[in-house]
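Visitor: To start, I am sharing the structure in question, which I have written as structure tokens.
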Amino acid sequence: MGQKETFIKVLRYIRKYWLYLAASVVMASVTVALTLYFPILTGRVIDLAVKPMQVDFPGVLAILRQMVIVALLTGAAQWIMNVCNNKMTYRIVQDIRNEAFRKIEILPLKYIDGHSYGEVVSRVIADVDQFADGLLMGFTQFFTGVITILGTLAFMLSINVAVTGVVVLVTPLSFFVAGFIAKKTFTMFHLQSQTRGEQTALIEEMVGNQKVVQAFSHEDEALAQFDEINERLGDCSLRAIFFSSLTNPSTRFVNNLVYAGVAVAGALFAIRGGISVGQLSCFLSYANQYTKPFNEISGVVTELQNALACAARIFALIEEKPQVPEPENAAALTDVEGRVELSHVDFSYVPDRKLITDFNLAVKPGQRVAIVGPTGCGKTTVINLLMRFYDVDQGKICVDGADIREVTRKSLRENYGMVLQETWLKAGTIRENIVMGRPDATEEEVIAAAKASHAHSFIKRLSKGYDTVIGEDGGSLSQGQKQLLCITRVMLCLPPMLILDEATSSIDTRTEIRIQKAFATMMKGRTSFIVAHRLSTIREADVILVMKDGNIIEQGNHETLLAKKGFYAGLYESQFAS
Amino acid sequence: MKKLLVYLKDYKKESVCAPLFKMLEAMFELFVPFVMADIIDNGIGEANAGFVLRQGLLLVVLGLVGLACSITAQYFAAKAAVGFSTKLKHALFDHIQGLSFTEIDTLGTSTLITRMTSDVNQVQNGVNMVLRLFLRSPFIVFGAMIMAFLIDVKGALIFAVTIPVLAVVVFGIMIITMPMYKRVQAGLDAVLGATRENLTGARVIRAFHKEEEEIEGFENKSETLANLQLMVGRISALTNPVTYIIINVATVILLYTGAVRVNEAMISQGQVVALVNYMSQILVELIKLANLIIIITKALACANRIESIFEVESSMRWEELAADAPGGVAAKEKAAGGRGGAGRSEFAVEFDHVHLTYEGAGAESLCDIDMKVKRGETVGVIGGTGSGKSSLVHMIPRFYDATKGAVRIDGRDVKSYGIEELRQKIGVVLQKAVLFRGTIRENLLWGNGAATDEELWEALAAAQAKEFVENKEGGLDAPVAQEGRNFSGGQRQRLTIARALVAKPEILILDDSASALDYATDAALRKALKALDWETTVFIVSQRASSLMHADQIIVLEDGEAAGCGTHEELLAGCEVYQEIYYSQYPRT
């Protein structure tokens, strides 16, 4: 995406707030003009108060009255400008975030699985913030900066051309100095951040795994290693900080040169009567102001570019292709019996790496299907397809005879109860998490479900029972407890079809057996798909799919598969051979 | 913050010089309007071009001297700040390494990492800025006022009124908005949390078709945030306009007073210009000061957080090596009693009615554990999740202290050992298999820095890791990424076992550390451990009955209590919990 293109898209968001933008621009111009006018008035007063007993008081008072009005107007204009900018900035940020979030909810799972969460989060949070700061604030700064420079030049020229020449000639020196320092310090900062990264990595390793360090009495070695980096970091930090801190004094010095130049040139002109003392004082205050916007603008340009880069990243997310929309006349699945058919299904995550090819399976209502195989063999893929987290490449999947691509996603998923290996809980209370699938469940139903999943006893022992607030992703709960809650969640809604993906992997075998009993009651009359690597949990399945490298290599029930003495038999043996 | 100042002690000279030179610089800056007044009154007034040029040169000289002072100050400030943080980090790292497991658990490693990195950086920045600006800004503000007094008392009175009024406005707005910014941050965190949650929980949210609700929730959070930002924005947007009005109204009054004083022949025209110049210097510095105070408050908050880490003392008292004390011969003998010393207890490890309650926990994690383990025995520890298996073995190297009862090694209470002495006896392989960045060799040498390559290979062989290490390019020198990410879970586990074996420990603890190994490798590992060429007492923690059914004794834990203790056969005959576990894995047929 080109910068220009990005910029045009940015304008689209601003359009809604064009009134604020216009007001801001007008007020900025007013502010600058009045701010520049003030020193002129000051100069006039000074020119009216030259010698004792000759002060023109009526004249002075008239100008002073003007000055108060100018000051008040400037303040008001500045405030209105600030408020407009704030409103525009924060509302645009809000709009963009909302839009990005809406997109996240309809992005295909493929996108979410393929990007690190941190990266997407940083687009929605940090990038949007930086975009707002850089582009909108930067814009106003840039705008006021430019008109300040132009205005100052115009005012100065209107007073005296030669003295203006001094200012214009000396100022670029400040740029040059600042640029020189920035260039010199860049490598130092680079070294500093590199060394700091090294140190952070060591800290993460040693502090993060402090238990191992202590178990091996490795503290002294770790400290020595730390100190070595620490010393190096100290050296390069000192250099980076010192050299970068030269910018301010140096530009201030250049400013002083400008000031001295104006003072001398102005005074010499004044002696010859070219300008008045008041005009000179006005010049001096311009000389003080003139360099400031230059320094600001040079910073703003990089900031603007940064902001555009951020904006481009956000737009890339917002414009990402959403999941395939539902057909207009998509029906809702109702009164599902649980007949699931996969016919000639082809699927792969990456186009040129085939995963599932020509997969056929017919599951009768109420049947239990177990999927087994070594890690990474594609067991979870089948679930992704059944739930329509991913769409098949070829072939079709039907529930009760209806192609799942022709029914609403909502009704399809409503009919599945899913417990995944990665337990996920919302930040909120235990109850909120349990009633996710059935917000209208009564207290009795919630407790009954929790009892059935053996979660009730631990929930009861939490400080506030079902109202205990758990943090993001379960917070302080153990993996096993989280899994029990996820099971409770499904126990409560009991849809006609079930998907259990390693549902009990973090629960010890004894509790597991108890839950299995609960599962068994739950599965009665429900079509269920079970993924597990504990073979003991799936021996009773009606159909066992044995998967390897994405392919279904064997299909049958426990006895027939054992008799076949194939891959399944091998897996089974390896677990029970001692 | 006070306690952290110790680390500035070695930089006394720098910490004094930095603000001092800053003050000098400010002083030269304050001379400028004075010189200017001179140019106007004497140069222009007397039409003396030579004087103007001389004074102009003086202005340049003042600038140069100011520059020199400023550069010196910046150097000292940077040196003090960096030196301070270097020392602070060293001390903090050292302190953290001295904390016991209990404190590490309560504080949390991620907190400790933040304290060591971003918090220390904030403090460093704070120290730097304070040294640079904390004196300069007030000095210029009050210096300008004093200069004004030198010029004209009546005019200066306006300064005396304006400065407090400005200060009230600037700091007042700051004080009002600071807590509001905290709420803005909280609002932003909520928006961030919702975003992350919807990514990590995408499957569940879609499975329960909660998308619309989530969008609604997010938009509420986003609206709240924007409203908060706008509210703070409205107030902080006042700072510039209000101060601008105040300073300019003050200038107007100053000009009027000036005109009156000129009329009375009390001051000259040039002096009026100087007064106006001083007035405009004040504002810039007050704003700088306000920004500085924000930096300082942030740095102080970080400093306090760091300090609170320093205040955490290790709850574990270690015996100061009794052997080093004069007359500690007996103790020395005891300590050296290592292998085959006379009068040694026949038990390698004894648990004597041990109870354990973790810091801040309500219930006991271990309750009345009582068992004796003979030297060379293999002990299995089995039980459900959260039954206390890890807690039990963690008490042997004294990661945690018994709340009641005692753990004894070779007949001596673990509390009577020095830390090095105790941990040298014991090799622990923790549940989470962690390797460190470097090479395989470097990682293995953690166990024993003096081990020969031959010994390393022996350890690798016993840990069933020899084969894959041999096949790695570089062998022992093959690189290991942070946390050992370039190895599979099973490989990492075997390497951590090898690391423990390199130390040839008398007691080896495997805390569920073969979980990622397949059954055949697990069996081979157990066999190799039996055949080690030194006598080792082994503790195997596992959920798999197959991993420990051949142990000399097995302790079965349930909710922190021993539900049974004995051999596999005994337990299978008489321990209900063990039966349940066993048959859940080996179904009766």
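Here, A, B, ... name the chains of the structure tokens in the order displayed, residue numbers run from 1 inside each chain, and ligands are numbered from 1 in the same displayed order.
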Go through segment 376-425 of chain B and collect every residue that DSSP, computed from the backbone, puts in helix (DSSP H, G or I); the answer should be as a ChimeraX atom specification.
Guide: /B:389-394,414-416,419-425
Visitor: Save the residues we just selected, N, CA and C atoms, as a short mmCIF file (atom, residue, chain, number, x, y, z; two decimals), in the first residue's frame?
Guide:
data_model
loop_
_atom_site.label_atom_id
_atom_site.label_comp_id
_atom_site.auth_asym_id
_atom_site.auth_seq_id
_atom_site.Cartn_x
_atom_site.Cartn_y
_atom_site.Cartn_z
N LYS B 389 2.31 -33.97 44.74
CA LYS B 389 3.49 -34.74 44.35
C LYS B 389 4.74 -33.87 44.26
N SER B 390 4.61 -32.76 43.52
CA SER B 390 5.78 -31.89 43.35
C SER B 390 6.18 -31.28 44.68
N SER B 391 5.18 -30.87 45.47
CA SER B 391 5.48 -30.27 46.77
C SER B 391 6.35 -31.22 47.59
N LEU B 392 5.99 -32.48 47.55
CA LEU B 392 6.72 -33.46 48.35
C LEU B 392 8.20 -33.49 47.97
N VAL B 393 8.49 -33.64 46.68
CA VAL B 393 9.90 -33.76 46.31
C VAL B 393 10.63 -32.42 46.41
N HIS B 394 9.90 -31.31 46.29
CA HIS B 394 10.55 -30.00 46.41
C HIS B 394 11.06 -29.74 47.81
N VAL B 414 17.46 -31.01 56.96
CA VAL B 414 17.93 -30.22 55.82
C VAL B 414 18.26 -28.79 56.23
N LYS B 415 17.63 -28.33 57.30
CA LYS B 415 17.87 -26.94 57.72
C LYS B 415 19.27 -26.76 58.30
N SER B 416 19.95 -27.86 58.61
CA SER B 416 21.28 -27.72 59.20
C SER B 416 22.36 -27.71 58.12
N ILE B 419 23.61 -24.07 51.95
CA ILE B 419 22.86 -24.18 50.70
C ILE B 419 23.62 -24.96 49.63
N GLU B 420 24.91 -24.66 49.49
CA GLU B 420 25.72 -25.32 48.46
C GLU B 420 25.84 -26.81 48.78
N GLU B 421 26.10 -27.06 50.02
CA GLU B 421 26.33 -28.43 50.46
C GLU B 421 25.12 -29.30 50.15
N LEU B 422 23.95 -28.74 50.45
CA LEU B 422 22.72 -29.51 50.26
C LEU B 422 22.44 -29.72 48.77
N ARG B 423 22.55 -28.65 48.02
CA ARG B 423 22.12 -28.76 46.63
C ARG B 423 23.12 -29.54 45.79
N GLN B 424 24.38 -29.65 46.29
CA GLN B 424 25.34 -30.47 45.56
C GLN B 424 24.99 -31.95 45.66
N LYS B 425 24.36 -32.31 46.75
CA LYS B 425 23.99 -33.70 46.96
C LYS B 425 22.84 -34.11 46.05
#
Visitor: Taking the DSSP secondary structure from the backbone, can you list the residues of segment 408-470 of chain A that are strand (DSSP E), as a PDB file with C-alpha atoms, in the first residue's frame?
Guide:
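Contents of part.pdb, as written:
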ATOM      1  CA  TYR A 416     -22.385 -28.725  18.551  1.00  0.00           C
ATOM      2  CA  GLY A 417     -21.067 -28.829  22.067  1.00  0.00           C
ATOM      3  CA  MET A 418     -17.306 -28.364  21.996  1.00  0.00           C
ATOM      4  CA  VAL A 419     -14.587 -28.892  24.560  1.00  0.00           C
ATOM      5  CA  GLY A 428     -15.399 -12.625  34.393  1.00  0.00           C
ATOM      6  CA  THR A 429     -17.115 -14.756  37.003  1.00  0.00           C
ATOM      7  CA  VAL A 469     -13.959 -13.503  39.318  1.00  0.00           C
ATOM      8  CA  ILE A 470     -11.294 -15.152  37.239  1.00  0.00           C
TER       9      ILE A 470
END
Visitor: Excluding same-chain residues fewer than 3 positions from Thr334 of chain A, what lies within 10 Å of it counting only C-alpha atoms, as a PDB file with C-alpha atoms, in the first residue's frame?
Guide:
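Wrote it out as result22.pdb, contents follow:
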ATOM      1  CA  ALA A 331     -31.560 -21.794   6.461  1.00  0.00           C
ATOM      2  CA  GLU A 337     -30.786 -35.664  14.553  1.00  0.00           C
ATOM      3  CA  ASP A 400     -28.828 -34.114   8.454  1.00  0.00           C
ATOM      4  CA  SER A 411     -27.314 -22.673  13.836  1.00  0.00           C
ATOM      5  CA  LEU A 412     -24.575 -25.113  12.870  1.00  0.00           C
ATOM      6  CA  GLU A 414     -25.358 -24.102  18.184  1.00  0.00           C
ATOM      7  CA  ASN A 415     -25.903 -27.768  17.524  1.00  0.00           C
TER       8      ASN A 415
END
Visitor: Residues within 10 Å of segment 395-410 of chain B, please, as a short mmCIF file (atom, residue, chain, number, x, y, z; two decimals) with N, CA and C atoms, in the first residue's frame. Count only C-alpha atoms; anything in the same chain fewer than 6 positions from it doesn't count.
Guide:
data_model
loop_
_atom_site.label_atom_id
_atom_site.label_comp_id
_atom_site.auth_asym_id
_atom_site.auth_seq_id
_atom_site.Cartn_x
_atom_site.Cartn_y
_atom_site.Cartn_z
N LYS A 211 14.18 -20.87 39.47
CA LYS A 211 14.16 -22.12 40.25
C LYS A 211 15.25 -23.07 39.78
N GLN A 214 18.65 -21.79 40.93
CA GLN A 214 18.92 -22.08 42.33
C GLN A 214 19.14 -23.57 42.57
N ALA A 215 18.38 -24.39 41.86
CA ALA A 215 18.52 -25.83 42.05
C ALA A 215 19.94 -26.27 41.71
N SER B 100 13.96 -17.08 48.04
CA SER B 100 13.63 -18.50 48.01
C SER B 100 12.40 -18.72 47.12
N PHE B 101 12.09 -19.98 46.87
CA PHE B 101 10.98 -20.33 45.98
C PHE B 101 9.68 -19.69 46.43
N THR B 102 9.49 -19.62 47.75
CA THR B 102 8.24 -19.06 48.26
C THR B 102 8.06 -17.63 47.76
N SER B 315 12.65 -15.93 52.91
CA SER B 315 12.06 -16.47 54.12
C SER B 315 12.87 -17.67 54.61
N MET B 316 13.89 -18.01 53.85
CA MET B 316 14.65 -19.20 54.20
C MET B 316 15.97 -18.82 54.82
N ARG B 317 16.21 -19.31 56.00
CA ARG B 317 17.51 -19.05 56.65
C ARG B 317 18.42 -20.24 56.39
N TRP B 318 19.57 -19.95 55.83
CA TRP B 318 20.51 -21.05 55.61
C TRP B 318 21.57 -21.03 56.68
N LYS B 334 31.04 -33.97 59.71
CA LYS B 334 29.67 -34.32 59.37
C LYS B 334 29.41 -33.98 57.91
N GLY B 337 30.96 -36.14 55.62
CA GLY B 337 30.51 -37.51 55.84
C GLY B 337 30.01 -38.19 54.60
N GLY B 338 29.94 -37.43 53.52
CA GLY B 338 29.46 -37.87 52.21
C GLY B 338 29.36 -39.36 52.02
N GLY B 343 29.08 -43.83 60.91
CA GLY B 343 28.04 -43.29 61.78
C GLY B 343 26.95 -42.57 61.02
N ARG B 344 26.83 -42.86 59.71
CA ARG B 344 25.84 -42.17 58.91
C ARG B 344 24.52 -42.92 59.02
N SER B 345 23.46 -42.20 58.99
CA SER B 345 22.15 -42.83 59.04
C SER B 345 21.99 -43.76 57.85
N GLU B 346 21.25 -44.84 58.04
CA GLU B 346 21.08 -45.77 56.91
C GLU B 346 20.06 -45.22 55.91
N PHE B 347 19.37 -44.16 56.30
CA PHE B 347 18.36 -43.61 55.41
C PHE B 347 18.90 -42.39 54.67
N ALA B 348 18.72 -42.37 53.39
CA ALA B 348 19.16 -41.22 52.62
C ALA B 348 18.21 -40.05 52.87
N VAL B 349 16.91 -40.35 52.82
CA VAL B 349 15.92 -39.29 53.00
C VAL B 349 14.85 -39.75 53.97
N GLU B 350 14.53 -38.90 54.90
CA GLU B 350 13.43 -39.22 55.83
C GLU B 350 12.44 -38.06 55.86
N PHE B 351 11.18 -38.38 55.78
CA PHE B 351 10.14 -37.39 56.01
C PHE B 351 9.54 -37.70 57.38
N ASP B 352 9.66 -36.78 58.29
CA ASP B 352 9.21 -37.04 59.64
C ASP B 352 7.96 -36.20 59.93
N HIS B 353 6.82 -36.79 59.74
CA HIS B 353 5.53 -36.12 59.97
C HIS B 353 5.52 -34.71 59.40
N VAL B 354 5.77 -34.63 58.11
CA VAL B 354 5.92 -33.33 57.45
C VAL B 354 4.57 -32.74 57.03
N HIS B 355 4.41 -31.47 57.35
CA HIS B 355 3.25 -30.71 56.86
C HIS B 355 3.77 -29.54 56.05
N LEU B 356 3.02 -29.14 55.03
CA LEU B 356 3.44 -27.97 54.26
C LEU B 356 2.22 -27.14 53.90
N THR B 357 2.28 -25.85 54.26
CA THR B 357 1.24 -24.92 53.81
C THR B 357 1.95 -23.82 53.05
N TYR B 358 1.56 -23.60 51.82
CA TYR B 358 2.20 -22.54 51.04
C TYR B 358 1.80 -21.18 51.56
N GLU B 359 2.69 -20.23 51.37
CA GLU B 359 2.44 -18.84 51.76
C GLU B 359 1.12 -18.37 51.15
N GLU B 364 -3.64 -26.95 53.75
CA GLU B 364 -2.32 -27.58 53.70
C GLU B 364 -2.14 -28.28 52.37
N LEU B 366 0.52 -30.40 51.97
CA LEU B 366 0.97 -31.72 52.39
C LEU B 366 0.59 -31.88 53.85
N CYS B 367 0.16 -33.08 54.19
CA CYS B 367 -0.33 -33.28 55.55
C CYS B 367 0.24 -34.57 56.11
N ASP B 368 1.05 -34.42 57.12
CA ASP B 368 1.55 -35.56 57.87
C ASP B 368 2.17 -36.65 56.99
N ILE B 369 3.15 -36.26 56.21
CA ILE B 369 3.85 -37.25 55.39
C ILE B 369 4.97 -37.87 56.22
N ASP B 370 4.98 -39.16 56.27
CA ASP B 370 5.98 -39.83 57.09
C ASP B 370 6.54 -41.01 56.30
N MET B 371 7.81 -40.89 55.90
CA MET B 371 8.39 -42.05 55.22
C MET B 371 9.90 -42.02 55.28
N LYS B 372 10.47 -43.20 55.13
CA LYS B 372 11.92 -43.31 55.18
C LYS B 372 12.40 -43.98 53.89
N VAL B 373 13.47 -43.43 53.34
CA VAL B 373 13.97 -43.99 52.09
C VAL B 373 15.42 -44.40 52.28
N LYS B 374 15.69 -45.68 52.02
CA LYS B 374 17.07 -46.17 52.17
C LYS B 374 17.91 -45.72 50.99
N ARG B 375 19.21 -45.68 51.25
CA ARG B 375 20.14 -45.24 50.23
C ARG B 375 20.06 -46.17 49.01
N SER B 416 19.95 -27.86 58.61
CA SER B 416 21.28 -27.72 59.20
C SER B 416 22.36 -27.71 58.12
N TYR B 417 21.96 -27.86 56.86
CA TYR B 417 22.95 -27.86 55.77
C TYR B 417 23.20 -26.44 55.26
N ILE B 419 23.61 -24.07 51.95
CA ILE B 419 22.86 -24.18 50.70
C ILE B 419 23.62 -24.96 49.63
N LEU B 422 23.95 -28.74 50.45
CA LEU B 422 22.72 -29.51 50.26
C LEU B 422 22.44 -29.72 48.77
N ARG B 423 22.55 -28.65 48.02
CA ARG B 423 22.12 -28.76 46.63
C ARG B 423 23.12 -29.54 45.79
N GLN B 424 24.38 -29.65 46.29
CA GLN B 424 25.34 -30.47 45.56
C GLN B 424 24.99 -31.95 45.66
N LYS B 425 24.36 -32.31 46.75
CA LYS B 425 23.99 -33.70 46.96
C LYS B 425 22.84 -34.11 46.05
N ILE B 426 22.05 -33.08 45.64
CA ILE B 426 20.78 -33.40 45.01
C ILE B 426 20.72 -32.90 43.58
N GLY B 427 20.26 -33.76 42.69
CA GLY B 427 20.03 -33.33 41.31
C GLY B 427 18.52 -33.27 41.10
N VAL B 428 18.04 -32.12 40.66
CA VAL B 428 16.59 -32.00 40.46
C VAL B 428 16.30 -31.76 38.99
N ILE B 507 21.23 -37.90 45.40
CA ILE B 507 19.77 -38.03 45.33
C ILE B 507 19.33 -37.40 44.00
N ILE B 509 16.07 -36.37 41.63
CA ILE B 509 14.62 -36.18 41.65
C ILE B 509 14.13 -35.90 40.24
#
Visitor: Write out as JSON, numbers by chain each polymer residue whose atoms come within 6 Å of segment 548-558 of chain A, counting only C-alpha atoms; drop sequence neighbours fewer than 2 positions from it.
Guide: {"A": [355, 356, 373, 377, 378, 539, 542, 543, 544, 545, 546, 560, 561]}
Visitor: Please write the residues from the selection above to a file, keeping C-alpha atoms, as a PDB file, in the first residue's frame.
Guide:
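For reference, result.pdb as written:
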ATOM      1  CA  LEU A 355      -3.360 -32.682   4.049  1.00  0.00           C
ATOM      2  CA  ILE A 356      -6.721 -34.415   3.788  1.00  0.00           C
ATOM      3  CA  GLY A 373      -3.101 -40.745  15.906  1.00  0.00           C
ATOM      4  CA  CYS A 377      -1.389 -35.814  12.513  1.00  0.00           C
ATOM      5  CA  GLY A 378      -4.353 -33.573  11.791  1.00  0.00           C
ATOM      6  CA  ARG A 539     -12.093 -47.968  23.098  1.00  0.00           C
ATOM      7  CA  ASP A 542     -18.449 -46.974  17.272  1.00  0.00           C
ATOM      8  CA  VAL A 543     -15.993 -45.779  14.689  1.00  0.00           C
ATOM      9  CA  ILE A 544     -12.311 -45.119  15.211  1.00  0.00           C
ATOM     10  CA  LEU A 545     -10.497 -43.018  12.672  1.00  0.00           C
ATOM     11  CA  VAL A 546      -6.749 -43.526  12.749  1.00  0.00           C
ATOM     12  CA  THR A 560     -11.518 -54.919  14.080  1.00  0.00           C
ATOM     13  CA  LEU A 561      -8.587 -52.513  14.170  1.00  0.00           C
TER      14      LEU A 561
END
Visitor: Just the number, please: distance in Å from atom CA of Val204 of chain B to atom CA of Lys464 of chain A, one decimal.
Guide: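 Separation between atom CA of Val204 of chain B and atom CA of Lys464 of chain A: 25.0 Å.
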Visitor: Of the residues A:Asn433, A:Gln481, A:Asn248, A:Ser463, which is the one nearest to Phe208 of chain B, using only C-alpha atoms?
Guide: A:Asn433
Visitor: Between A:Asn384, A:Ser528, A:Asn230, A:Thr488, which residue has the minimum interatomic distance to Ala448 of chain A, considering only C-alpha atoms?
Guide: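 Closest to Ala448 of chain A of all the choices is A:Thr488.
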Visitor: As an exercise, work out the distance from atom CA of Met67 of chain A to atom CA of Ile44 of chain B in Å and give it to one decimal place.
Guide: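 Atom CA of Ile44 of chain B lies 26.5 Å from atom CA of Met67 of chain A.
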Visitor: Which residues are close to Ile297 of chain A, i.e. within 10 Å by only C-alpha atoms, leaving aside same-chain residues fewer than 4 positions away? Reply as number ranges by chain.
Guide: A: 138-139, 141-146, 292-293, 301-303
